[in-house]
$ cat structure_1.pdb   # PDB, C-alpha atoms, pLDDT in the B column
ATOM      1  CA  MET A   1      24.419 -23.350   6.916  1.00 48.00           C
ATOM      2  CA  PHE A   2      24.015 -20.326   4.647  1.00 46.00           C
ATOM      3  CA  SER A   3      26.765 -18.416   6.457  1.00 50.00           C
ATOM      4  CA  ALA A   4      29.128 -21.347   5.970  1.00 51.00           C
ATOM      5  CA  ALA A   5      28.303 -21.424   2.279  1.00 49.00           C
ATOM      6  CA  THR A   6      28.938 -17.719   1.863  1.00 50.00           C
ATOM      7  CA  SER A   7      32.252 -17.871   3.722  1.00 52.00           C
ATOM      8  CA  SER A   8      33.427 -20.731   1.498  1.00 59.00           C
ATOM      9  CA  ASP A   9      32.249 -19.085  -1.718  1.00 68.00           C
ATOM     10  CA  PRO A  10      34.127 -15.819  -2.363  1.00 73.00           C
ATOM     11  CA  GLY A  11      31.787 -14.966  -5.229  1.00 73.00           C
ATOM     12  CA  VAL A  12      28.639 -15.054  -3.080  1.00 72.00           C
ATOM     13  CA  ALA A  13      30.333 -13.143  -0.261  1.00 74.00           C
ATOM     14  CA  ARG A  14      31.472 -10.493  -2.727  1.00 75.00           C
ATOM     15  CA  GLU A  15      27.957 -10.124  -4.163  1.00 76.00           C
ATOM     16  CA  LEU A  16      26.500  -9.683  -0.667  1.00 75.00           C
ATOM     17  CA  SER A  17      29.162  -7.111   0.157  1.00 73.00           C
ATOM     18  CA  ASN A  18      28.432  -5.207  -3.065  1.00 72.00           C
ATOM     19  CA  ALA A  19      24.688  -5.345  -2.378  1.00 74.00           C
ATOM     20  CA  ARG A  20      25.203  -3.930   1.128  1.00 73.00           C
ATOM     21  CA  THR A  21      27.345  -1.149  -0.300  1.00 73.00           C
ATOM     22  CA  ARG A  22      24.785  -0.257  -2.973  1.00 71.00           C
ATOM     23  CA  LEU A  23      21.981  -0.237  -0.396  1.00 61.00           C
ATOM     24  CA  ALA A  24      23.968   2.043   1.916  1.00 63.00           C
ATOM     25  CA  VAL A  25      24.634   4.419  -0.977  1.00 62.00           C
ATOM     26  CA  GLN A  26      20.930   4.487  -1.911  1.00 59.00           C
ATOM     27  CA  GLU A  27      19.899   5.202   1.674  1.00 56.00           C
ATOM     28  CA  ARG A  28      22.419   8.061   1.892  1.00 59.00           C
ATOM     29  CA  GLU A  29      21.089   9.457  -1.389  1.00 52.00           C
ATOM     30  CA  ILE A  30      17.508   9.320  -0.091  1.00 51.00           C
ATOM     31  CA  GLN A  31      18.543  11.106   3.101  1.00 58.00           C
ATOM     32  CA  GLU A  32      20.404  13.728   1.067  1.00 58.00           C
ATOM     33  CA  LEU A  33      17.370  14.233  -1.185  1.00 53.00           C
ATOM     34  CA  ASN A  34      15.114  14.771   1.805  1.00 56.00           C
ATOM     35  CA  HIS A  35      17.565  17.254   3.314  1.00 57.00           C
ATOM     36  CA  ARG A  36      17.720  19.140   0.022  1.00 61.00           C
ATOM     37  CA  VAL A  37      13.946  19.313  -0.238  1.00 59.00           C
ATOM     38  CA  ALA A  38      13.710  20.612   3.336  1.00 62.00           C
ATOM     39  CA  ASN A  39      16.485  23.134   2.745  1.00 64.00           C
ATOM     40  CA  SER A  40      14.890  24.321  -0.504  1.00 65.00           C
ATOM     41  CA  LEU A  41      11.550  24.872   1.210  1.00 63.00           C
ATOM     42  CA  GLN A  42      13.266  26.794   4.006  1.00 64.00           C
ATOM     43  CA  LEU A  43      15.196  28.907   1.492  1.00 67.00           C
ATOM     44  CA  ALA A  44      11.984  29.750  -0.370  1.00 70.00           C
ATOM     45  CA  ALA A  45      10.317  30.715   2.920  1.00 68.00           C
ATOM     46  CA  ASP A  46      13.279  32.960   3.796  1.00 69.00           C
ATOM     47  CA  MET A  47      13.051  34.667   0.394  1.00 73.00           C
ATOM     48  CA  LEU A  48       9.378  35.406   1.038  1.00 70.00           C
ATOM     49  CA  VAL A  49      10.320  36.961   4.374  1.00 69.00           C
ATOM     50  CA  PHE A  50      12.835  39.179   2.552  1.00 70.00           C
ATOM     51  CA  GLU A  51      10.191  40.267   0.038  1.00 72.00           C
ATOM     52  CA  GLN A  52       7.730  40.836   2.865  1.00 71.00           C
ATOM     53  CA  LEU A  53      10.147  43.232   4.581  1.00 75.00           C
ATOM     54  CA  ARG A  54      10.600  45.158   1.336  1.00 77.00           C
ATOM     55  CA  SER A  55       6.899  45.461   0.595  1.00 80.00           C
ATOM     56  CA  ARG A  56       5.037  48.635   1.526  1.00 81.00           C
ATOM     57  CA  ASP A  57       1.650  47.380   0.372  1.00 83.00           C
ATOM     58  CA  PRO A  58      -0.325  45.936   3.329  1.00 83.00           C
ATOM     59  CA  GLN A  59      -2.226  43.512   1.088  1.00 83.00           C
ATOM     60  CA  ALA A  60       0.964  42.287  -0.584  1.00 82.00           C
ATOM     61  CA  THR A  61       2.618  41.926   2.820  1.00 79.00           C
ATOM     62  CA  ALA A  62      -0.294  39.854   4.099  1.00 75.00           C
ATOM     63  CA  ALA A  63      -0.235  37.661   0.975  1.00 75.00           C
ATOM     64  CA  LEU A  64       3.527  37.092   1.321  1.00 73.00           C
ATOM     65  CA  GLU A  65       3.134  36.166   4.983  1.00 70.00           C
ATOM     66  CA  ALA A  66       0.354  33.715   4.157  1.00 64.00           C
ATOM     67  CA  SER A  67       2.510  32.155   1.443  1.00 69.00           C
ATOM     68  CA  ARG A  68       5.483  31.891   3.800  1.00 67.00           C
ATOM     69  CA  ALA A  69       3.384  30.205   6.486  1.00 63.00           C
ATOM     70  CA  ARG A  70       1.949  27.791   3.937  1.00 60.00           C
ATOM     71  CA  LEU A  71       5.436  26.919   2.670  1.00 67.00           C
ATOM     72  CA  VAL A  72       6.687  26.265   6.190  1.00 65.00           C
ATOM     73  CA  ALA A  73       3.654  24.029   6.775  1.00 60.00           C
ATOM     74  CA  VAL A  74       4.435  22.062   3.607  1.00 66.00           C
ATOM     75  CA  GLY A  75       7.953  21.516   4.928  1.00 71.00           C
ATOM     76  CA  GLU A  76       6.564  20.243   8.218  1.00 69.00           C
ATOM     77  CA  LEU A  77       4.254  17.873   6.331  1.00 72.00           C
ATOM     78  CA  HIS A  78       7.219  16.568   4.323  1.00 71.00           C
ATOM     79  CA  ARG A  79       9.208  15.914   7.501  1.00 75.00           C
ATOM     80  CA  TYR A  80       6.218  14.282   9.194  1.00 74.00           C
ATOM     81  CA  LEU A  81       5.761  11.764   6.384  1.00 75.00           C
ATOM     82  CA  HIS A  82       9.476  11.055   6.107  1.00 76.00           C
ATOM     83  CA  GLU A  83       9.785  10.365   9.846  1.00 77.00           C
ATOM     84  CA  HIS A  84       7.212   7.555   9.642  1.00 75.00           C
ATOM     85  CA  ALA A  85       8.574   5.814   6.543  1.00 74.00           C
ATOM     86  CA  GLY A  86      10.381   2.565   7.215  1.00 72.00           C
ATOM     87  CA  LYS A  87       8.844   1.933  10.641  1.00 81.00           C
ATOM     88  CA  ALA A  88       7.715  -1.616  11.263  1.00 86.00           C
ATOM     89  CA  SER A  89       4.317  -0.505  12.567  1.00 89.00           C
ATOM     90  CA  VAL A  90       2.403   2.773  12.735  1.00 90.00           C
ATOM     91  CA  GLU A  91      -0.839   3.232  14.659  1.00 92.00           C
ATOM     92  CA  LEU A  92      -3.216   4.964  12.256  1.00 92.00           C
ATOM     93  CA  ALA A  93      -5.246   6.952  14.810  1.00 93.00           C
ATOM     94  CA  PRO A  94      -2.406   9.177  16.088  1.00 93.00           C
ATOM     95  CA  PHE A  95      -0.722   9.184  12.669  1.00 92.00           C
ATOM     96  CA  LEU A  96      -3.820  10.521  10.916  1.00 94.00           C
ATOM     97  CA  THR A  97      -4.464  13.041  13.692  1.00 94.00           C
ATOM     98  CA  GLY A  98      -0.974  14.481  13.272  1.00 91.00           C
ATOM     99  CA  LEU A  99      -1.288  14.357   9.502  1.00 91.00           C
ATOM    100  CA  CYS A 100      -4.559  16.314   9.602  1.00 93.00           C
ATOM    101  CA  GLN A 101      -2.925  18.997  11.718  1.00 91.00           C
ATOM    102  CA  ALA A 102      -0.141  19.356   9.141  1.00 87.00           C
ATOM    103  CA  ILE A 103      -2.642  19.382   6.260  1.00 89.00           C
ATOM    104  CA  ALA A 104      -4.763  22.023   7.977  1.00 90.00           C
ATOM    105  CA  ALA A 105      -1.704  24.243   8.304  1.00 84.00           C
ATOM    106  CA  SER A 106      -0.600  23.750   4.692  1.00 81.00           C
ATOM    107  CA  THR A 107      -4.010  23.979   2.963  1.00 86.00           C
ATOM    108  CA  GLY A 108      -6.226  26.027   5.275  1.00 89.00           C
ATOM    109  CA  LEU A 109      -8.784  23.214   5.465  1.00 93.00           C
ATOM    110  CA  ALA A 110     -10.489  22.154   8.690  1.00 96.00           C
ATOM    111  CA  CYS A 111      -9.168  18.588   8.602  1.00 95.00           C
ATOM    112  CA  SER A 112     -10.201  15.927  11.133  1.00 96.00           C
ATOM    113  CA  ALA A 113      -9.516  12.206  11.450  1.00 96.00           C
ATOM    114  CA  GLN A 114     -11.342   9.184  12.827  1.00 95.00           C
ATOM    115  CA  ALA A 115      -9.665   5.775  12.932  1.00 94.00           C
ATOM    116  CA  ASP A 116     -10.017   2.502  14.770  1.00 91.00           C
ATOM    117  CA  LEU A 117      -7.168   0.644  16.453  1.00 87.00           C
ATOM    118  CA  THR A 118      -5.447  -0.363  13.219  1.00 90.00           C
ATOM    119  CA  ALA A 119      -1.720  -0.478  12.614  1.00 91.00           C
ATOM    120  CA  VAL A 120       0.033  -0.545   9.234  1.00 93.00           C
ATOM    121  CA  SER A 121       3.642  -0.545   8.129  1.00 91.00           C
ATOM    122  CA  GLY A 122       5.489   2.761   8.051  1.00 88.00           C
ATOM    123  CA  ASP A 123       5.805   2.611   4.285  1.00 87.00           C
ATOM    124  CA  MET A 124       2.058   2.079   3.874  1.00 92.00           C
ATOM    125  CA  ALA A 125       1.337   4.930   6.295  1.00 90.00           C
ATOM    126  CA  GLN A 126       3.589   7.219   4.276  1.00 87.00           C
ATOM    127  CA  GLN A 127       1.901   6.274   1.004  1.00 89.00           C
ATOM    128  CA  LEU A 128      -1.541   6.816   2.485  1.00 93.00           C
ATOM    129  CA  GLY A 129      -0.397  10.153   3.871  1.00 90.00           C
ATOM    130  CA  ILE A 130       0.753  11.300   0.443  1.00 87.00           C
ATOM    131  CA  ALA A 131      -2.583  10.231  -1.084  1.00 92.00           C
ATOM    132  CA  ILE A 132      -4.561  12.031   1.643  1.00 92.00           C
ATOM    133  CA  ASN A 133      -2.536  15.177   1.056  1.00 88.00           C
ATOM    134  CA  GLU A 134      -3.312  15.023  -2.677  1.00 87.00           C
ATOM    135  CA  PHE A 135      -7.030  14.669  -1.892  1.00 92.00           C
ATOM    136  CA  ALA A 136      -6.734  17.666   0.442  1.00 91.00           C
ATOM    137  CA  ILE A 137      -5.043  19.814  -2.222  1.00 85.00           C
ATOM    138  CA  ASN A 138      -7.758  18.780  -4.674  1.00 85.00           C
ATOM    139  CA  ALA A 139     -10.510  19.718  -2.203  1.00 89.00           C
ATOM    140  CA  ALA A 140      -8.964  23.058  -1.322  1.00 88.00           C
ATOM    141  CA  LYS A 141      -8.635  23.995  -4.986  1.00 84.00           C
ATOM    142  CA  HIS A 142     -11.828  22.598  -6.490  1.00 84.00           C
ATOM    143  CA  ALA A 143     -14.368  21.893  -3.733  1.00 88.00           C
ATOM    144  CA  TYR A 144     -13.795  25.158  -1.879  1.00 90.00           C
ATOM    145  CA  ASP A 145     -12.272  27.366  -4.613  1.00 88.00           C
ATOM    146  CA  GLY A 146      -9.245  28.164  -2.480  1.00 83.00           C
ATOM    147  CA  LYS A 147     -11.286  29.574   0.398  1.00 88.00           C
ATOM    148  CA  PRO A 148      -9.998  28.528   3.851  1.00 87.00           C
ATOM    149  CA  GLY A 149     -12.030  26.669   6.447  1.00 92.00           C
ATOM    150  CA  GLY A 150     -13.557  23.956   4.257  1.00 94.00           C
ATOM    151  CA  GLN A 151     -14.282  20.662   5.987  1.00 95.00           C
ATOM    152  CA  LEU A 152     -12.199  17.574   5.206  1.00 96.00           C
ATOM    153  CA  THR A 153     -12.828  14.320   7.074  1.00 97.00           C
ATOM    154  CA  VAL A 154     -10.444  11.360   7.017  1.00 97.00           C
ATOM    155  CA  THR A 155     -11.711   7.998   8.280  1.00 97.00           C
ATOM    156  CA  ALA A 156      -9.984   4.635   8.458  1.00 96.00           C
ATOM    157  CA  ARG A 157     -11.232   1.242   9.562  1.00 95.00           C
ATOM    158  CA  ARG A 158     -10.236  -2.385   9.293  1.00 95.00           C
ATOM    159  CA  GLU A 159     -12.564  -4.738   7.396  1.00 94.00           C
ATOM    160  CA  GLY A 160     -11.211  -8.262   7.561  1.00 93.00           C
ATOM    161  CA  TYR A 161      -7.807  -8.223   5.883  1.00 93.00           C
ATOM    162  CA  ASP A 162      -8.439  -4.847   4.238  1.00 96.00           C
ATOM    163  CA  LEU A 163      -7.949  -1.273   5.302  1.00 96.00           C
ATOM    164  CA  VAL A 164     -10.705   1.088   4.153  1.00 97.00           C
ATOM    165  CA  LEU A 165      -9.651   4.727   4.125  1.00 97.00           C
ATOM    166  CA  SER A 166     -11.987   7.545   3.065  1.00 97.00           C
ATOM    167  CA  VAL A 167     -11.345  11.243   2.526  1.00 97.00           C
ATOM    168  CA  ALA A 168     -14.513  13.334   2.217  1.00 96.00           C
ATOM    169  CA  ASP A 169     -15.172  17.029   1.698  1.00 95.00           C
ATOM    170  CA  ALA A 170     -18.426  18.992   1.981  1.00 92.00           C
ATOM    171  CA  GLY A 171     -17.889  21.096  -1.116  1.00 90.00           C
ATOM    172  CA  LYS A 172     -19.835  21.520  -4.320  1.00 84.00           C
ATOM    173  CA  GLY A 173     -19.460  17.941  -5.517  1.00 80.00           C
ATOM    174  CA  LEU A 174     -18.904  16.695  -9.046  1.00 72.00           C
ATOM    175  CA  ALA A 175     -21.977  18.042 -10.793  1.00 58.00           C
ATOM    176  CA  ASN A 176     -19.950  18.772 -13.932  1.00 51.00           C
ATOM    177  CA  GLY A 177     -18.108  15.472 -14.011  1.00 48.00           C
ATOM    178  CA  LEU A 178     -14.967  13.986 -12.527  1.00 51.00           C
ATOM    179  CA  GLN A 179     -12.618  16.012 -14.692  1.00 45.00           C
ATOM    180  CA  ARG A 180     -13.691  19.198 -12.912  1.00 42.00           C
ATOM    181  CA  ALA A 181     -12.230  17.816  -9.693  1.00 41.00           C
ATOM    182  CA  GLY A 182      -9.020  16.783 -11.362  1.00 43.00           C
ATOM    183  CA  VAL A 183      -9.866  13.090 -11.372  1.00 50.00           C
ATOM    184  CA  GLY A 184      -8.234  11.301 -14.260  1.00 51.00           C
ATOM    185  CA  GLY A 185      -5.585  13.350 -16.019  1.00 51.00           C
ATOM    186  CA  GLY A 186      -4.247  15.598 -13.238  1.00 71.00           C
ATOM    187  CA  LEU A 187      -0.836  15.037 -11.679  1.00 72.00           C
ATOM    188  CA  GLY A 188      -2.279  14.692  -8.180  1.00 78.00           C
ATOM    189  CA  MET A 189      -4.705  11.943  -9.146  1.00 84.00           C
ATOM    190  CA  SER A 190      -1.979  10.231 -11.167  1.00 85.00           C
ATOM    191  CA  ILE A 191       0.089  10.101  -7.980  1.00 83.00           C
ATOM    192  CA  VAL A 192      -2.888   8.665  -6.089  1.00 90.00           C
ATOM    193  CA  ALA A 193      -3.493   6.060  -8.814  1.00 91.00           C
ATOM    194  CA  ALA A 194       0.161   4.975  -8.643  1.00 91.00           C
ATOM    195  CA  ILE A 195      -0.051   4.651  -4.850  1.00 91.00           C
ATOM    196  CA  VAL A 196      -3.244   2.583  -5.063  1.00 94.00           C
ATOM    197  CA  ARG A 197      -1.617   0.267  -7.608  1.00 93.00           C
ATOM    198  CA  ASP A 198       1.457  -0.111  -5.402  1.00 92.00           C
ATOM    199  CA  LEU A 199      -0.765  -0.992  -2.432  1.00 94.00           C
ATOM    200  CA  LYS A 200      -2.634  -3.518  -4.609  1.00 94.00           C
ATOM    201  CA  GLY A 201      -5.827  -1.686  -3.710  1.00 95.00           C
ATOM    202  CA  ALA A 202      -8.810  -0.047  -5.358  1.00 95.00           C
ATOM    203  CA  LEU A 203     -10.024   3.552  -5.495  1.00 95.00           C
ATOM    204  CA  THR A 204     -13.687   4.562  -5.661  1.00 93.00           C
ATOM    205  CA  VAL A 205     -15.251   8.023  -5.876  1.00 91.00           C
ATOM    206  CA  GLN A 206     -18.701   9.104  -4.708  1.00 89.00           C
ATOM    207  CA  SER A 207     -20.275  12.524  -5.121  1.00 84.00           C
ATOM    208  CA  ASP A 208     -23.412  13.484  -3.256  1.00 78.00           C
ATOM    209  CA  ALA A 209     -23.041  16.285  -0.741  1.00 80.00           C
ATOM    210  CA  GLY A 210     -19.410  16.849  -1.563  1.00 90.00           C
ATOM    211  CA  VAL A 211     -16.929  14.228  -2.753  1.00 92.00           C
ATOM    212  CA  CYS A 212     -15.698  11.095  -0.992  1.00 94.00           C
ATOM    213  CA  PHE A 213     -12.607   9.214  -2.172  1.00 94.00           C
ATOM    214  CA  THR A 214     -12.169   5.704  -0.743  1.00 96.00           C
ATOM    215  CA  ILE A 215      -9.083   3.512  -0.899  1.00 96.00           C
ATOM    216  CA  ARG A 216      -9.426  -0.165  -0.031  1.00 97.00           C
ATOM    217  CA  ALA A 217      -6.137  -2.025   0.281  1.00 97.00           C
ATOM    218  CA  PRO A 218      -4.972  -5.264   1.911  1.00 96.00           C
ATOM    219  CA  VAL A 219      -3.067  -5.074   5.187  1.00 91.00           C
ATOM    220  CA  ALA A 220      -0.609  -7.794   6.162  1.00 68.00           C
ATOM    221  CA  THR A 221      -1.682  -9.378   9.444  1.00 51.00           C
ATOM    222  CA  ALA A 222       1.783 -10.004  10.815  1.00 43.00           C
ATOM    223  CA  ALA A 223       4.237  -9.119   8.111  1.00 40.00           C
ATOM    224  CA  PRO A 224       7.825  -9.425   9.314  1.00 38.00           C
ATOM    225  CA  ARG A 225      10.031  -6.409   8.827  1.00 41.00           C
ATOM    226  CA  VAL A 226      12.577  -6.945   6.080  1.00 40.00           C
ATOM    227  CA  ASP A 227      16.153  -6.699   7.297  1.00 41.00           C
ATOM    228  CA  ARG A 228      17.594  -4.471   4.592  1.00 42.00           C
ATOM    229  CA  SER A 229      21.136  -4.855   5.931  1.00 40.00           C
ATOM    230  CA  PHE A 230      21.406  -8.461   4.627  1.00 37.00           C
ATOM    231  CA  GLN A 231      22.773  -9.496   8.045  1.00 38.00           C
ATOM    232  CA  ALA A 232      19.815 -11.823   8.603  1.00 39.00           C
ATOM    233  CA  TRP A 233      20.561 -13.704   5.396  1.00 34.00           C
ATOM    234  CA  ALA A 234      24.235 -14.061   6.162  1.00 40.00           C
ATOM    235  CA  GLY A 235      23.449 -15.444   9.622  1.00 39.00           C
ATOM    236  CA  ASP A 236      21.173 -18.312   8.484  1.00 41.00           C
TER
END
$ encode --input "structure_1.pdb" --output "C-alpha cells"
Amino acid sequence: MFSAATSSDPGVARELSNARTRLAVQEREIQELNHRVANSLQLAADMLVFEQLRSRDPQATAALEASRARLVAVGELHRYLHEHAGKASVELAPFLTGLCQAIAASTGLACSAQADLTAVSGDMAQQLGIAINEFAINAAKHAYDGKPGGQLTVTARREGYDLVLSVADAGKGLANGLQRAGVGGGLGMSIVAAIVRDLKGALTVQSDAGVCFTIRAPVATAAPRVDRSFQAWAGD
C-alpha cells in the first residue's frame, strides 16, 4: 500500500530519493574519514621510523620505537572498533577479548576480559569499546603513572534488561579525589559521559583497592536492525 502511494505521489518519491542520496553521501564521508584517520596514523608511524633511523642515541631510538609501536596499536584499535560498528549483533565475550588485546598493545596495560553470553548491537559495542579505551588511558596515566604492566580488568554481565559493564584497575585509587583521576572535567571522561547519556545508562565510580568504573545501560531484547537504505519502507 505504501509503495503504491509513493509511486502515485511524485513529491514523496522525490523525498525518498533525496533521503537515500543524502544517506549514501554521509556513509561515503564516514568511510573517507576513517580512511584518513588510518592513513594519518600510518604516516605518523612512518615519520617515527625515519627519525629512528636518523637517531644515534640508543635511548632516543628505543623511545621512538616504543612510540611507533604504540601508534600502530592505536591504529589497529581504531580499525577494530570501526569493523564492529553497524553490525546487527556482536557477542561481547570475543569482542571484549579482542578489544583488550588491542588496548594492551596501545597502552602497555595487562588487560583481560570476562563476559557472559550476552550480545549487543554493533553500535553499542563500538560505544562501549570507546568508553573502555578511555578508562584504560585514564588508568595508564593516573593509576600506574605511565608504567607498563598495570592490571586492567573488564567484566560484562546481563542483569535483566540491563548490561552491566565494569572496568577496574589495581592502582593507587582516588585518595585525593576524583579530579586526580580525570573524572569530571577531562576530555576522556567527557567522552564517556556523552556515551553513557547516548546509551541511556548510568555511570558509577568506586575506589577501594584501585578504581572501578561501572556502566549500566539497557539492552534491547530483540531490536530489529534498521534498514538504512529506505527499501523496506518503499516496499510496504
$ residues_around --input "structure_1.pdb" --residues "range 204-207 of chain A" --least-positions-apart "5" --cutoff "7 Å" --atoms "only C-alpha atoms" --output "list in words"
Gly173, Leu174, Cys212, Phe213, Thr214 and Ile215 of chain A
$ axis_aligned_box --input "structure_1.pdb" --around "range 129-138 of chain A" --padding-each-side "8 Å" --output "AutoDock Vina command-line options"
--center_x -3.5 --center_y 15.0 --center_z -0.4 --size_x 24.5 --size_y 25.7 --size_z 24.5
$ resolve_selection --input "structure_1.pdb" --expression "the PyMOL selection byres ((chain A and resi 112) around 10)" --output "PyMOL selection string"
chain A and resi 96-101+103-104+109-111+113-114+151-155+167
$ residues_around --input "structure_1.pdb" --residues "Ala217 in chain A" --least-positions-apart "3" --cutoff "6 Å" --atoms "only C-alpha atoms" --output "VMD selection string"
chain A and resid 162 to 163 201
$ residues_around --input "structure_1.pdb" --residues "Lys172 in chain A" --least-positions-apart "5" --cutoff "12 Å" --atoms "all atoms listed in the file" --output "PyMOL selection string"
chain A and resi 139-145+150-151+177+180-181+207-212
$ closest_residue --input "structure_1.pdb" --among "A:Leu81, A:Val192, A:Leu16, A:Tyr161" --to "Asn138 in chain A" --atoms "all atoms listed in the file"
A:Val192
$ atom_distance --input "structure_1.pdb" --atom1 "CA of Lys87 in chain A" --atom2 "CA of Ala193 in chain A"
23.4 Å
$ atom_distance --input "structure_1.pdb" --atom1 "CA of Pro148 in chain A" --atom2 "CA of Ala63 in chain A"
13.7 Å
$ atom_distance --input "structure_1.pdb" --atom1 "CA of His78 in chain A" --atom2 "CA of Ala156 in chain A"
21.3 Å
$ decode --input "structure_1.pdb" --residues "range 45-59 of chain A" --atoms "N, CA and C atoms" --output "tab-separated table (two decimals), in the first residue's frame"
chain	number	residue	atom	x	y	z
A	45	ALA	N	53.44	7.07	12.04
A	45	ALA	CA	54.31	5.94	12.39
A	45	ALA	C	55.51	5.88	11.47
A	46	ASP	N	55.31	6.14	10.17
A	46	ASP	CA	56.41	6.13	9.21
A	46	ASP	C	57.42	7.25	9.52
A	47	MET	N	56.92	8.41	9.94
A	47	MET	CA	57.80	9.51	10.29
A	47	MET	C	58.66	9.16	11.50
A	48	LEU	N	58.08	8.43	12.45
A	48	LEU	CA	58.85	8.00	13.61
A	48	LEU	C	59.94	7.00	13.21
A	49	VAL	N	59.63	6.15	12.24
A	49	VAL	CA	60.64	5.22	11.73
A	49	VAL	C	61.81	6.00	11.12
A	50	PHE	N	61.47	7.05	10.34
A	50	PHE	CA	62.50	7.88	9.72
A	50	PHE	C	63.39	8.53	10.79
A	51	GLU	N	62.76	9.08	11.83
A	51	GLU	CA	63.53	9.70	12.90
A	51	GLU	C	64.36	8.66	13.66
A	52	GLN	N	63.81	7.47	13.78
A	52	GLN	CA	64.53	6.40	14.47
A	52	GLN	C	65.81	6.03	13.71
A	53	LEU	N	65.74	5.99	12.39
A	53	LEU	CA	66.90	5.66	11.58
A	53	LEU	C	67.97	6.75	11.66
A	54	ARG	N	67.54	7.98	11.86
A	54	ARG	CA	68.48	9.10	11.95
A	54	ARG	C	69.14	9.21	13.33
A	55	SER	N	68.48	8.69	14.34
A	55	SER	CA	68.97	8.85	15.70
A	55	SER	C	70.20	7.99	15.96
A	56	ARG	N	71.14	8.55	16.71
A	56	ARG	CA	72.34	7.81	17.10
A	56	ARG	C	72.38	7.60	18.62
A	57	ASP	N	71.33	8.03	19.27
A	57	ASP	CA	71.22	7.87	20.72
A	57	ASP	C	70.39	6.62	21.00
A	58	PRO	N	70.96	5.60	21.63
A	58	PRO	CA	70.20	4.36	21.88
A	58	PRO	C	68.90	4.59	22.65
A	59	GLN	N	68.93	5.48	23.64
A	59	GLN	CA	67.72	5.73	24.42
A	59	GLN	C	66.65	6.41	23.56
